[in-house]
file target.cif (mmCIF, N, CA and C atoms and all ligand atoms)
data_final
loop_
_atom_site.group_PDB
_atom_site.id
_atom_site.type_symbol
_atom_site.label_atom_id
_atom_site.label_comp_id
_atom_site.auth_asym_id
_atom_site.auth_seq_id
_atom_site.Cartn_x
_atom_site.Cartn_y
_atom_site.Cartn_z
ATOM 1 N N MET A 28 9.613 -11.068 -1.192
ATOM 2 C CA MET A 28 8.560 -11.594 -2.072
ATOM 3 C C MET A 28 7.215 -10.988 -1.662
ATOM 4 N N THR A 29 6.740 -10.066 -2.481
ATOM 5 C CA THR A 29 5.478 -9.441 -2.124
ATOM 6 C C THR A 29 4.449 -9.553 -3.230
ATOM 7 N N GLY A 30 4.797 -10.102 -4.375
ATOM 8 C CA GLY A 30 3.814 -10.312 -5.419
ATOM 9 C C GLY A 30 3.680 -9.143 -6.379
ATOM 10 N N ARG A 31 2.641 -9.219 -7.187
ATOM 11 C CA ARG A 31 2.432 -8.220 -8.216
ATOM 12 C C ARG A 31 1.018 -7.663 -8.142
ATOM 13 N N CYS A 32 0.893 -6.421 -8.641
ATOM 14 C CA CYS A 32 -0.407 -5.760 -8.668
ATOM 15 C C CYS A 32 -1.399 -6.604 -9.470
ATOM 16 N N ALA A 33 -2.608 -6.821 -8.908
ATOM 17 C CA ALA A 33 -3.615 -7.640 -9.566
ATOM 18 C C ALA A 33 -4.228 -6.924 -10.764
ATOM 19 N N SER A 34 -3.997 -5.633 -10.869
ATOM 20 C CA SER A 34 -4.567 -4.862 -11.970
ATOM 21 C C SER A 34 -3.578 -4.639 -13.104
ATOM 22 N N CYS A 35 -2.405 -4.079 -12.782
ATOM 23 C CA CYS A 35 -1.460 -3.732 -13.844
ATOM 24 C C CYS A 35 -0.256 -4.660 -13.903
ATOM 25 N N GLY A 36 -0.057 -5.495 -12.874
ATOM 26 C CA GLY A 36 1.018 -6.477 -12.910
ATOM 27 C C GLY A 36 2.378 -5.970 -12.498
ATOM 28 N N CYS A 37 2.485 -4.731 -12.052
ATOM 29 C CA CYS A 37 3.785 -4.224 -11.626
ATOM 30 C C CYS A 37 4.173 -4.843 -10.277
ATOM 31 N N ALA A 38 5.453 -4.853 -9.979
ATOM 32 C CA ALA A 38 5.939 -5.395 -8.709
ATOM 33 C C ALA A 38 5.444 -4.520 -7.560
ATOM 34 N N LEU A 39 5.040 -5.178 -6.470
ATOM 35 C CA LEU A 39 4.493 -4.455 -5.326
ATOM 36 C C LEU A 39 5.517 -4.335 -4.212
ATOM 37 N N SER A 40 5.469 -3.209 -3.506
ATOM 38 C CA SER A 40 6.249 -3.070 -2.284
ATOM 39 C C SER A 40 5.441 -3.640 -1.121
ATOM 40 N N ALA A 41 6.121 -3.904 -0.025
ATOM 41 C CA ALA A 41 5.436 -4.379 1.172
ATOM 42 C C ALA A 41 4.397 -3.365 1.639
ATOM 43 N N ASP A 42 4.686 -2.071 1.466
ATOM 44 C CA ASP A 42 3.730 -1.038 1.863
ATOM 45 C C ASP A 42 2.458 -1.115 1.031
ATOM 46 N N GLU A 43 2.591 -1.419 -0.248
ATOM 47 C CA GLU A 43 1.409 -1.499 -1.110
ATOM 48 C C GLU A 43 0.534 -2.692 -0.725
ATOM 49 N N VAL A 44 1.166 -3.804 -0.387
ATOM 50 C CA VAL A 44 0.401 -4.955 0.108
ATOM 51 C C VAL A 44 -0.328 -4.572 1.395
ATOM 52 N N ALA A 45 0.389 -3.904 2.293
ATOM 53 C CA ALA A 45 -0.190 -3.549 3.585
ATOM 54 C C ALA A 45 -1.336 -2.552 3.431
ATOM 55 N N VAL A 46 -1.174 -1.561 2.568
ATOM 56 C CA VAL A 46 -2.221 -0.546 2.444
ATOM 57 C C VAL A 46 -3.442 -1.121 1.730
ATOM 58 N N THR A 47 -3.246 -2.111 0.857
ATOM 59 C CA THR A 47 -4.397 -2.794 0.277
ATOM 60 C C THR A 47 -5.212 -3.464 1.373
ATOM 61 N N LYS A 48 -4.519 -4.122 2.291
ATOM 62 C CA LYS A 48 -5.221 -4.773 3.403
ATOM 63 C C LYS A 48 -6.007 -3.763 4.223
ATOM 64 N N LYS A 49 -5.394 -2.576 4.438
ATOM 65 C CA LYS A 49 -6.050 -1.578 5.272
ATOM 66 C C LYS A 49 -7.242 -0.940 4.564
ATOM 67 N N LEU A 50 -7.098 -0.677 3.266
ATOM 68 C CA LEU A 50 -8.125 0.088 2.558
ATOM 69 C C LEU A 50 -9.201 -0.811 1.941
ATOM 70 N N VAL A 51 -8.837 -2.032 1.566
ATOM 71 C CA VAL A 51 -9.782 -2.909 0.880
ATOM 72 C C VAL A 51 -10.341 -3.935 1.851
ATOM 73 N N ASN A 52 -9.460 -4.756 2.407
ATOM 74 C CA ASN A 52 -9.940 -5.874 3.206
ATOM 75 C C ASN A 52 -8.731 -6.490 3.889
ATOM 76 N N ARG A 53 -8.833 -6.674 5.178
ATOM 77 C CA ARG A 53 -7.724 -7.272 5.928
ATOM 78 C C ARG A 53 -7.378 -8.657 5.367
ATOM 79 N N GLY A 54 -8.364 -9.349 4.845
ATOM 80 C CA GLY A 54 -8.141 -10.685 4.308
ATOM 81 C C GLY A 54 -7.956 -10.700 2.805
ATOM 82 N N ALA A 55 -7.631 -9.557 2.226
ATOM 83 C CA ALA A 55 -7.471 -9.462 0.778
ATOM 84 C C ALA A 55 -6.448 -10.483 0.280
ATOM 85 N N VAL A 56 -6.735 -11.070 -0.865
ATOM 86 C CA VAL A 56 -5.777 -11.998 -1.471
ATOM 87 C C VAL A 56 -5.226 -11.440 -2.785
ATOM 88 N N SER A 57 -5.863 -10.368 -3.278
ATOM 89 C CA SER A 57 -5.344 -9.654 -4.441
ATOM 90 C C SER A 57 -4.870 -8.290 -3.967
ATOM 91 N N PHE A 58 -3.691 -7.876 -4.445
ATOM 92 C CA PHE A 58 -3.119 -6.626 -3.970
ATOM 93 C C PHE A 58 -2.872 -5.681 -5.137
ATOM 94 N N TYR A 59 -2.825 -4.400 -4.837
ATOM 95 C CA TYR A 59 -2.736 -3.381 -5.878
ATOM 96 C C TYR A 59 -1.633 -2.385 -5.564
ATOM 97 N N CYS A 60 -1.056 -1.841 -6.639
ATOM 98 C CA CYS A 60 -0.041 -0.809 -6.468
ATOM 99 C C CYS A 60 -0.705 0.526 -6.120
ATOM 100 N N VAL A 61 0.111 1.501 -5.729
ATOM 101 C CA VAL A 61 -0.406 2.817 -5.342
ATOM 102 C C VAL A 61 -1.255 3.427 -6.463
ATOM 103 N N ASN A 62 -0.768 3.325 -7.692
ATOM 104 C CA ASN A 62 -1.498 3.944 -8.805
ATOM 105 C C ASN A 62 -2.869 3.307 -9.012
ATOM 106 N N CYS A 63 -2.949 1.983 -8.925
ATOM 107 C CA CYS A 63 -4.225 1.302 -9.135
ATOM 108 C C CYS A 63 -5.164 1.506 -7.954
ATOM 109 N N LEU A 64 -4.624 1.560 -6.735
ATOM 110 C CA LEU A 64 -5.458 1.881 -5.585
ATOM 111 C C LEU A 64 -6.051 3.280 -5.726
ATOM 112 N N ALA A 65 -5.232 4.223 -6.177
ATOM 113 C CA ALA A 65 -5.704 5.594 -6.355
ATOM 114 C C ALA A 65 -6.839 5.630 -7.380
ATOM 115 N N ALA A 66 -6.683 4.894 -8.490
ATOM 116 C CA ALA A 66 -7.728 4.865 -9.506
ATOM 117 C C ALA A 66 -8.997 4.233 -8.948
ATOM 118 N N TYR A 67 -8.840 3.162 -8.168
ATOM 119 C CA TYR A 67 -9.991 2.450 -7.600
ATOM 120 C C TYR A 67 -10.781 3.355 -6.661
ATOM 121 N N PHE A 68 -10.069 4.100 -5.823
ATOM 122 C CA PHE A 68 -10.738 4.953 -4.837
ATOM 123 C C PHE A 68 -10.979 6.367 -5.358
ATOM 124 N N GLU A 69 -10.578 6.621 -6.611
ATOM 125 C CA GLU A 69 -10.766 7.932 -7.232
ATOM 126 C C GLU A 69 -10.111 9.043 -6.425
ATOM 127 N N VAL A 70 -8.851 8.761 -6.030
ATOM 128 C CA VAL A 70 -8.021 9.759 -5.363
ATOM 129 C C VAL A 70 -6.699 9.806 -6.118
ATOM 130 N N THR A 71 -5.743 10.602 -5.625
ATOM 131 C CA THR A 71 -4.446 10.678 -6.293
ATOM 132 C C THR A 71 -3.463 9.693 -5.642
ATOM 133 N N PRO A 72 -2.432 9.269 -6.383
ATOM 134 C CA PRO A 72 -1.410 8.409 -5.768
ATOM 135 C C PRO A 72 -0.816 9.018 -4.502
ATOM 136 N N ASP A 73 -0.683 10.342 -4.477
ATOM 137 C CA ASP A 73 -0.153 10.987 -3.271
ATOM 138 C C ASP A 73 -1.074 10.774 -2.069
ATOM 139 N N ASP A 74 -2.391 10.722 -2.328
ATOM 140 C CA ASP A 74 -3.329 10.456 -1.234
ATOM 141 C C ASP A 74 -3.076 9.074 -0.641
ATOM 142 N N ILE A 75 -2.806 8.108 -1.519
ATOM 143 C CA ILE A 75 -2.528 6.748 -1.041
ATOM 144 C C ILE A 75 -1.224 6.738 -0.244
ATOM 145 N N ARG A 76 -0.196 7.453 -0.750
ATOM 146 C CA ARG A 76 1.076 7.504 -0.024
ATOM 147 C C ARG A 76 0.900 8.174 1.337
ATOM 148 N N GLU A 77 0.018 9.172 1.403
ATOM 149 C CA GLU A 77 -0.251 9.813 2.690
ATOM 150 C C GLU A 77 -0.896 8.834 3.662
ATOM 151 N N ARG A 78 -1.783 7.977 3.129
ATOM 152 C CA ARG A 78 -2.419 6.970 3.984
ATOM 153 C C ARG A 78 -1.363 5.999 4.521
ATOM 154 N N ILE A 79 -0.429 5.604 3.648
ATOM 155 C CA ILE A 79 0.644 4.706 4.087
ATOM 156 C C ILE A 79 1.421 5.373 5.221
ATOM 157 N N ALA A 80 1.767 6.644 5.039
ATOM 158 C CA ALA A 80 2.525 7.368 6.062
ATOM 159 C C ALA A 80 1.715 7.472 7.346
ATOM 160 N N TYR A 81 0.397 7.700 7.200
ATOM 161 C CA TYR A 81 -0.470 7.818 8.369
ATOM 162 C C TYR A 81 -0.542 6.501 9.135
ATOM 163 N N PHE A 82 -0.757 5.405 8.400
ATOM 164 C CA PHE A 82 -0.861 4.107 9.069
ATOM 165 C C PHE A 82 0.446 3.757 9.773
ATOM 166 N N ARG A 83 1.580 4.051 9.096
ATOM 167 C CA ARG A 83 2.876 3.771 9.711
ATOM 168 C C ARG A 83 3.056 4.615 10.974
ATOM 169 N N ALA A 84 2.702 5.897 10.880
ATOM 170 C CA ALA A 84 2.883 6.791 12.019
ATOM 171 C C ALA A 84 2.003 6.384 13.184
ATOM 172 N N SER A 85 0.845 5.768 12.871
ATOM 173 C CA SER A 85 -0.072 5.367 13.933
ATOM 174 C C SER A 85 0.329 4.027 14.544
ATOM 175 N N GLY A 86 1.404 3.443 14.017
ATOM 176 C CA GLY A 86 1.942 2.238 14.630
ATOM 177 C C GLY A 86 1.327 0.949 14.129
ATOM 178 N N CYS A 87 0.630 1.000 12.992
ATOM 179 C CA CYS A 87 0.034 -0.215 12.436
ATOM 180 C C CYS A 87 1.115 -1.272 12.196
ATOM 181 N N THR A 88 0.853 -2.469 12.691
ATOM 182 C CA THR A 88 1.864 -3.517 12.603
ATOM 183 C C THR A 88 2.022 -4.083 11.197
ATOM 184 N N LEU A 89 1.093 -3.740 10.280
ATOM 185 C CA LEU A 89 1.232 -4.201 8.903
ATOM 186 C C LEU A 89 2.375 -3.488 8.187
ATOM 187 N N PHE A 90 2.760 -2.317 8.717
ATOM 188 C CA PHE A 90 3.759 -1.493 8.048
ATOM 189 C C PHE A 90 5.081 -1.564 8.799
ATOM 190 N N ALA A 91 6.143 -1.818 8.056
ATOM 191 C CA ALA A 91 7.453 -1.821 8.673
ATOM 192 C C ALA A 91 7.769 -0.422 9.186
ATOM 193 N N PRO A 92 8.483 -0.332 10.302
ATOM 194 C CA PRO A 92 8.868 0.997 10.790
ATOM 195 C C PRO A 92 9.670 1.746 9.741
ATOM 196 N N ALA A 93 9.489 3.056 9.713
ATOM 197 C CA ALA A 93 10.261 3.876 8.778
ATOM 198 C C ALA A 93 11.740 3.740 9.085
ATOM 199 N N ARG A 94 12.512 3.567 8.032
ATOM 200 C CA ARG A 94 13.950 3.445 8.222
ATOM 201 C C ARG A 94 14.633 4.593 7.474
ATOM 202 N N PRO A 95 15.350 5.436 8.179
ATOM 203 C CA PRO A 95 15.998 6.597 7.538
ATOM 204 C C PRO A 95 16.880 6.185 6.379
ATOM 205 N N ALA A 96 17.439 4.986 6.407
ATOM 206 C CA ALA A 96 18.324 4.528 5.346
ATOM 207 C C ALA A 96 17.583 4.392 4.014
ATOM 208 N N ASP A 97 16.264 4.275 4.058
ATOM 209 C CA ASP A 97 15.483 4.123 2.834
ATOM 210 C C ASP A 97 15.211 5.453 2.150
ATOM 211 N N ALA A 98 15.434 6.550 2.874
ATOM 212 C CA ALA A 98 15.029 7.853 2.352
ATOM 213 C C ALA A 98 15.924 8.282 1.193
HETATM 214 ZN ZN ZN A 101 -1.208 -1.543 -10.459
#

call {"tool": "encode", "arguments": {"input": "target.cif", "output": "structure tokens", "more": "lines below"}}
Ligand SMILES: [Zn+2]
result
Amino acid sequence: MTGRCASCGCALSADEVAVTKKLVNRGAVSFYCVNCLAAYFEVTPDDIRERIAYFRASGCTLFAPARPADA
């Protein structure tokens, strides 16, 4: 249960919730999908995905460890 994007209403992944906290506000109560975050920050969705990968690689506890089974 991770909720829905506050902008477009699509289902959110745990990573999208986590990256909203990192990029917007640790105490954020509204969360956004990759596409809406990209529009908000005027970057591409791939830039947001790179940030997710970066935060995960840096060991941020908001992000679940990468699991090869998900690839
Ligand atoms: Zn959205």

call {"tool": "closest_residue", "arguments": {"input": "target.cif", "among": "A:Cys37, A:Ala84, A:Val70, A:Leu50", "to": "ligand ZN 101 (chain A)", "atoms": "all atoms listed in the file"}}
result
A:Cys37

call {"tool": "closest_atom_pairs", "arguments": {"input": "target.cif", "of": "chain A", "to": "ligand ZN 101 (chain A)", "cutoff": "6.5 Å", "atoms": "all atoms listed in the file", "output": "tab-separated table"}}
result
residue	atom	partner	partner_atom	distance
A:Cys32	CA	A:ZN101	ZN	4.7
A:Ala33	N	A:ZN101	ZN	5.7
A:Ser34	C	A:ZN101	ZN	4.7
A:Cys35	N	A:ZN101	ZN	3.6
A:Gly36	N	A:ZN101	ZN	4.8
A:Cys37	N	A:ZN101	ZN	5.1
A:Tyr59	C	A:ZN101	ZN	5.0
A:Cys60	N	A:ZN101	ZN	3.8
A:Val61	N	A:ZN101	ZN	5.8
A:Asn62	C	A:ZN101	ZN	5.3
A:Cys63	N	A:ZN101	ZN	4.2
A:Leu64	N	A:ZN101	ZN	5.9

call {"tool": "select_by_dssp", "arguments": {"input": "target.cif", "residues": "chain A", "states": "helix (DSSP H, G or I)", "output": "ChimeraX atom specification"}}
result
/A:41-50,61-68,72-84,95-97

call {"tool": "write_last_selection", "arguments": {"input": "target.cif", "atoms": "N, CA and C atoms", "output": "short mmCIF file (atom, residue, chain, number, x, y, z; two decimals), in the frame of the given file"}}
result
data_model
loop_
_atom_site.label_atom_id
_atom_site.label_comp_id
_atom_site.auth_asym_id
_atom_site.auth_seq_id
_atom_site.Cartn_x
_atom_site.Cartn_y
_atom_site.Cartn_z
N ALA A 41 6.12 -3.90 -0.02
CA ALA A 41 5.44 -4.38 1.17
C ALA A 41 4.40 -3.36 1.64
N ASP A 42 4.69 -2.07 1.47
CA ASP A 42 3.73 -1.04 1.86
C ASP A 42 2.46 -1.12 1.03
N GLU A 43 2.59 -1.42 -0.25
CA GLU A 43 1.41 -1.50 -1.11
C GLU A 43 0.53 -2.69 -0.72
N VAL A 44 1.17 -3.80 -0.39
CA VAL A 44 0.40 -4.96 0.11
C VAL A 44 -0.33 -4.57 1.40
N ALA A 45 0.39 -3.90 2.29
CA ALA A 45 -0.19 -3.55 3.58
C ALA A 45 -1.34 -2.55 3.43
N VAL A 46 -1.17 -1.56 2.57
CA VAL A 46 -2.22 -0.55 2.44
C VAL A 46 -3.44 -1.12 1.73
N THR A 47 -3.25 -2.11 0.86
CA THR A 47 -4.40 -2.79 0.28
C THR A 47 -5.21 -3.46 1.37
N LYS A 48 -4.52 -4.12 2.29
CA LYS A 48 -5.22 -4.77 3.40
C LYS A 48 -6.01 -3.76 4.22
N LYS A 49 -5.39 -2.58 4.44
CA LYS A 49 -6.05 -1.58 5.27
C LYS A 49 -7.24 -0.94 4.56
N LEU A 50 -7.10 -0.68 3.27
CA LEU A 50 -8.12 0.09 2.56
C LEU A 50 -9.20 -0.81 1.94
N VAL A 61 0.11 1.50 -5.73
CA VAL A 61 -0.41 2.82 -5.34
C VAL A 61 -1.25 3.43 -6.46
N ASN A 62 -0.77 3.32 -7.69
CA ASN A 62 -1.50 3.94 -8.80
C ASN A 62 -2.87 3.31 -9.01
N CYS A 63 -2.95 1.98 -8.93
CA CYS A 63 -4.22 1.30 -9.14
C CYS A 63 -5.16 1.51 -7.95
N LEU A 64 -4.62 1.56 -6.74
CA LEU A 64 -5.46 1.88 -5.58
C LEU A 64 -6.05 3.28 -5.73
N ALA A 65 -5.23 4.22 -6.18
CA ALA A 65 -5.70 5.59 -6.36
C ALA A 65 -6.84 5.63 -7.38
N ALA A 66 -6.68 4.89 -8.49
CA ALA A 66 -7.73 4.86 -9.51
C ALA A 66 -9.00 4.23 -8.95
N TYR A 67 -8.84 3.16 -8.17
CA TYR A 67 -9.99 2.45 -7.60
C TYR A 67 -10.78 3.36 -6.66
N PHE A 68 -10.07 4.10 -5.82
CA PHE A 68 -10.74 4.95 -4.84
C PHE A 68 -10.98 6.37 -5.36
N PRO A 72 -2.43 9.27 -6.38
CA PRO A 72 -1.41 8.41 -5.77
C PRO A 72 -0.82 9.02 -4.50
N ASP A 73 -0.68 10.34 -4.48
CA ASP A 73 -0.15 10.99 -3.27
C ASP A 73 -1.07 10.77 -2.07
N ASP A 74 -2.39 10.72 -2.33
CA ASP A 74 -3.33 10.46 -1.23
C ASP A 74 -3.08 9.07 -0.64
N ILE A 75 -2.81 8.11 -1.52
CA ILE A 75 -2.53 6.75 -1.04
C ILE A 75 -1.22 6.74 -0.24
N ARG A 76 -0.20 7.45 -0.75
CA ARG A 76 1.08 7.50 -0.02
C ARG A 76 0.90 8.17 1.34
N GLU A 77 0.02 9.17 1.40
CA GLU A 77 -0.25 9.81 2.69
C GLU A 77 -0.90 8.83 3.66
N ARG A 78 -1.78 7.98 3.13
CA ARG A 78 -2.42 6.97 3.98
C ARG A 78 -1.36 6.00 4.52
N ILE A 79 -0.43 5.60 3.65
CA ILE A 79 0.64 4.71 4.09
C ILE A 79 1.42 5.37 5.22
N ALA A 80 1.77 6.64 5.04
CA ALA A 80 2.52 7.37 6.06
C ALA A 80 1.72 7.47 7.35
N TYR A 81 0.40 7.70 7.20
CA TYR A 81 -0.47 7.82 8.37
C TYR A 81 -0.54 6.50 9.14
N PHE A 82 -0.76 5.40 8.40
CA PHE A 82 -0.86 4.11 9.07
C PHE A 82 0.45 3.76 9.77
N ARG A 83 1.58 4.05 9.10
CA ARG A 83 2.88 3.77 9.71
C ARG A 83 3.06 4.62 10.97
N ALA A 84 2.70 5.90 10.88
CA ALA A 84 2.88 6.79 12.02
C ALA A 84 2.00 6.38 13.18
N PRO A 95 15.35 5.44 8.18
CA PRO A 95 16.00 6.60 7.54
C PRO A 95 16.88 6.18 6.38
N ALA A 96 17.44 4.99 6.41
CA ALA A 96 18.32 4.53 5.35
C ALA A 96 17.58 4.39 4.01
N ASP A 97 16.26 4.28 4.06
CA ASP A 97 15.48 4.12 2.83
C ASP A 97 15.21 5.45 2.15
#

call {"tool": "atom_distance", "arguments": {"input": "target.cif", "atom1": "atom N of A:Lys49", "atom2": "atom CA of A:Leu89"}}
result
8.2 Å

call {"tool": "atom_distance", "arguments": {"input": "target.cif", "atom1": "atom CA of A:Val51", "atom2": "atom CA of A:Phe68"}}
result
9.8 Å

call {"tool": "atom_distance", "arguments": {"input": "target.cif", "atom1": "atom CA of A:Val46", "atom2": "atom CA of A:Arg78"}}
result
7.7 Å

call {"tool": "residues_around", "arguments": {"input": "target.cif", "residues": "A:Ile79", "least_positions_apart": "3", "cutoff": "8 Å", "atoms": "only N, CA and C atoms", "output": "list of chain:residue names"}}
result
A:Asp42, A:Glu43, A:Ala45, A:Val46, A:Asp73, A:Asp74, A:Ile75, A:Arg76, A:Phe82, A:Arg83, A:Ala84, A:Ser85, A:Phe90

call {"tool": "residues_around", "arguments": {"input": "target.cif", "residues": "A:Lys48", "least_positions_apart": "6", "cutoff": "8 Å", "atoms": "only N, CA and C atoms", "output": "ChimeraX atom specification"}}
result
/A:42,54-59

call {"tool": "closest_residue", "arguments": {"input": "target.cif", "among": "A:Pro72, A:Ala41, A:Arg53, A:Glu77", "to": "A:Ala91", "atoms": "all atoms listed in the file"}}
result
A:Ala41

call {"tool": "axis_aligned_box", "arguments": {"input": "target.cif", "around": "stretch 60-69 of chain A", "padding_each_side": "5 Å", "output": "lines of an AutoDock Vina configuration file"}}
result
center_x = -5.4
center_y = 3.6
center_z = -7.2
size_x = 21.1
size_y = 20.9
size_z = 14.7

call {"tool": "decode", "arguments": {"input": "target.cif", "residues": "stretch 30-55 of chain A", "atoms": "N, CA and C atoms", "output": "PDB file, in the first residue's frame"}}
result
ATOM      1  N   GLY A  30      -0.226   4.187  -2.028  1.00  0.00           N
ATOM      2  CA  GLY A  30      -1.005   5.356  -2.381  1.00  0.00           C
ATOM      3  C   GLY A  30      -0.946   5.710  -3.857  1.00  0.00           C
ATOM      4  N   ARG A  31      -1.453   6.890  -4.154  1.00  0.00           N
ATOM      5  CA  ARG A  31      -1.546   7.326  -5.533  1.00  0.00           C
ATOM      6  C   ARG A  31      -0.930   8.708  -5.699  1.00  0.00           C
ATOM      7  N   CYS A  32      -0.479   8.961  -6.940  1.00  0.00           N
ATOM      8  CA  CYS A  32       0.111  10.255  -7.266  1.00  0.00           C
ATOM      9  C   CYS A  32      -0.897  11.369  -6.982  1.00  0.00           C
ATOM     10  N   ALA A  33      -0.449  12.433  -6.282  1.00  0.00           N
ATOM     11  CA  ALA A  33      -1.331  13.534  -5.925  1.00  0.00           C
ATOM     12  C   ALA A  33      -1.676  14.394  -7.134  1.00  0.00           C
ATOM     13  N   SER A  34      -0.949  14.218  -8.218  1.00  0.00           N
ATOM     14  CA  SER A  34      -1.192  15.018  -9.414  1.00  0.00           C
ATOM     15  C   SER A  34      -2.034  14.287 -10.449  1.00  0.00           C
ATOM     16  N   CYS A  35      -1.593  13.085 -10.846  1.00  0.00           N
ATOM     17  CA  CYS A  35      -2.294  12.384 -11.922  1.00  0.00           C
ATOM     18  C   CYS A  35      -3.109  11.197 -11.434  1.00  0.00           C
ATOM     19  N   GLY A  36      -2.910  10.773 -10.178  1.00  0.00           N
ATOM     20  CA  GLY A  36      -3.725   9.705  -9.614  1.00  0.00           C
ATOM     21  C   GLY A  36      -3.278   8.303  -9.943  1.00  0.00           C
ATOM     22  N   CYS A  37      -2.156   8.136 -10.619  1.00  0.00           N
ATOM     23  CA  CYS A  37      -1.690   6.788 -10.929  1.00  0.00           C
ATOM     24  C   CYS A  37      -1.138   6.119  -9.664  1.00  0.00           C
ATOM     25  N   ALA A  38      -1.101   4.806  -9.659  1.00  0.00           N
ATOM     26  CA  ALA A  38      -0.571   4.060  -8.517  1.00  0.00           C
ATOM     27  C   ALA A  38       0.926   4.330  -8.382  1.00  0.00           C
ATOM     28  N   LEU A  39       1.370   4.489  -7.132  1.00  0.00           N
ATOM     29  CA  LEU A  39       2.772   4.809  -6.877  1.00  0.00           C
ATOM     30  C   LEU A  39       3.538   3.582  -6.417  1.00  0.00           C
ATOM     31  N   SER A  40       4.804   3.512  -6.819  1.00  0.00           N
ATOM     32  CA  SER A  40       5.698   2.503  -6.269  1.00  0.00           C
ATOM     33  C   SER A  40       6.311   3.044  -4.980  1.00  0.00           C
ATOM     34  N   ALA A  41       6.864   2.150  -4.188  1.00  0.00           N
ATOM     35  CA  ALA A  41       7.546   2.565  -2.968  1.00  0.00           C
ATOM     36  C   ALA A  41       8.699   3.510  -3.288  1.00  0.00           C
ATOM     37  N   ASP A  42       9.370   3.293  -4.425  1.00  0.00           N
ATOM     38  CA  ASP A  42      10.471   4.171  -4.817  1.00  0.00           C
ATOM     39  C   ASP A  42       9.977   5.584  -5.094  1.00  0.00           C
ATOM     40  N   GLU A  43       8.805   5.707  -5.691  1.00  0.00           N
ATOM     41  CA  GLU A  43       8.274   7.038  -5.999  1.00  0.00           C
ATOM     42  C   GLU A  43       7.910   7.788  -4.717  1.00  0.00           C
ATOM     43  N   VAL A  44       7.353   7.075  -3.753  1.00  0.00           N
ATOM     44  CA  VAL A  44       7.082   7.696  -2.450  1.00  0.00           C
ATOM     45  C   VAL A  44       8.395   8.157  -1.819  1.00  0.00           C
ATOM     46  N   ALA A  45       9.400   7.288  -1.867  1.00  0.00           N
ATOM     47  CA  ALA A  45      10.678   7.600  -1.233  1.00  0.00           C
ATOM     48  C   ALA A  45      11.370   8.776  -1.918  1.00  0.00           C
ATOM     49  N   VAL A  46      11.345   8.816  -3.241  1.00  0.00           N
ATOM     50  CA  VAL A  46      12.058   9.890  -3.934  1.00  0.00           C
ATOM     51  C   VAL A  46      11.322  11.217  -3.766  1.00  0.00           C
ATOM     52  N   THR A  47       9.999  11.180  -3.594  1.00  0.00           N
ATOM     53  CA  THR A  47       9.283  12.408  -3.270  1.00  0.00           C
ATOM     54  C   THR A  47       9.782  12.968  -1.946  1.00  0.00           C
ATOM     55  N   LYS A  48       9.944  12.088  -0.969  1.00  0.00           N
ATOM     56  CA  LYS A  48      10.451  12.533   0.333  1.00  0.00           C
ATOM     57  C   LYS A  48      11.830  13.159   0.202  1.00  0.00           C
ATOM     58  N   LYS A  49      12.675  12.543  -0.656  1.00  0.00           N
ATOM     59  CA  LYS A  49      14.039  13.039  -0.790  1.00  0.00           C
ATOM     60  C   LYS A  49      14.090  14.364  -1.545  1.00  0.00           C
ATOM     61  N   LEU A  50      13.270  14.493  -2.587  1.00  0.00           N
ATOM     62  CA  LEU A  50      13.382  15.661  -3.462  1.00  0.00           C
ATOM     63  C   LEU A  50      12.488  16.818  -3.008  1.00  0.00           C
ATOM     64  N   VAL A  51      11.364  16.510  -2.371  1.00  0.00           N
ATOM     65  CA  VAL A  51      10.414  17.554  -1.997  1.00  0.00           C
ATOM     66  C   VAL A  51      10.552  17.880  -0.520  1.00  0.00           C
ATOM     67  N   ASN A  52      10.311  16.885   0.325  1.00  0.00           N
ATOM     68  CA  ASN A  52      10.250  17.167   1.751  1.00  0.00           C
ATOM     69  C   ASN A  52      10.192  15.830   2.471  1.00  0.00           C
ATOM     70  N   ARG A  53      11.051  15.664   3.441  1.00  0.00           N
ATOM     71  CA  ARG A  53      11.067  14.412   4.204  1.00  0.00           C
ATOM     72  C   ARG A  53       9.700  14.155   4.850  1.00  0.00           C
ATOM     73  N   GLY A  54       8.999  15.211   5.194  1.00  0.00           N
ATOM     74  CA  GLY A  54       7.699  15.070   5.837  1.00  0.00           C
ATOM     75  C   GLY A  54       6.539  15.195   4.871  1.00  0.00           C
ATOM     76  N   ALA A  55       6.803  15.021   3.587  1.00  0.00           N
ATOM     77  CA  ALA A  55       5.760  15.161   2.576  1.00  0.00           C
ATOM     78  C   ALA A  55       4.582  14.238   2.884  1.00  0.00           C
TER      79      ALA A  55
END
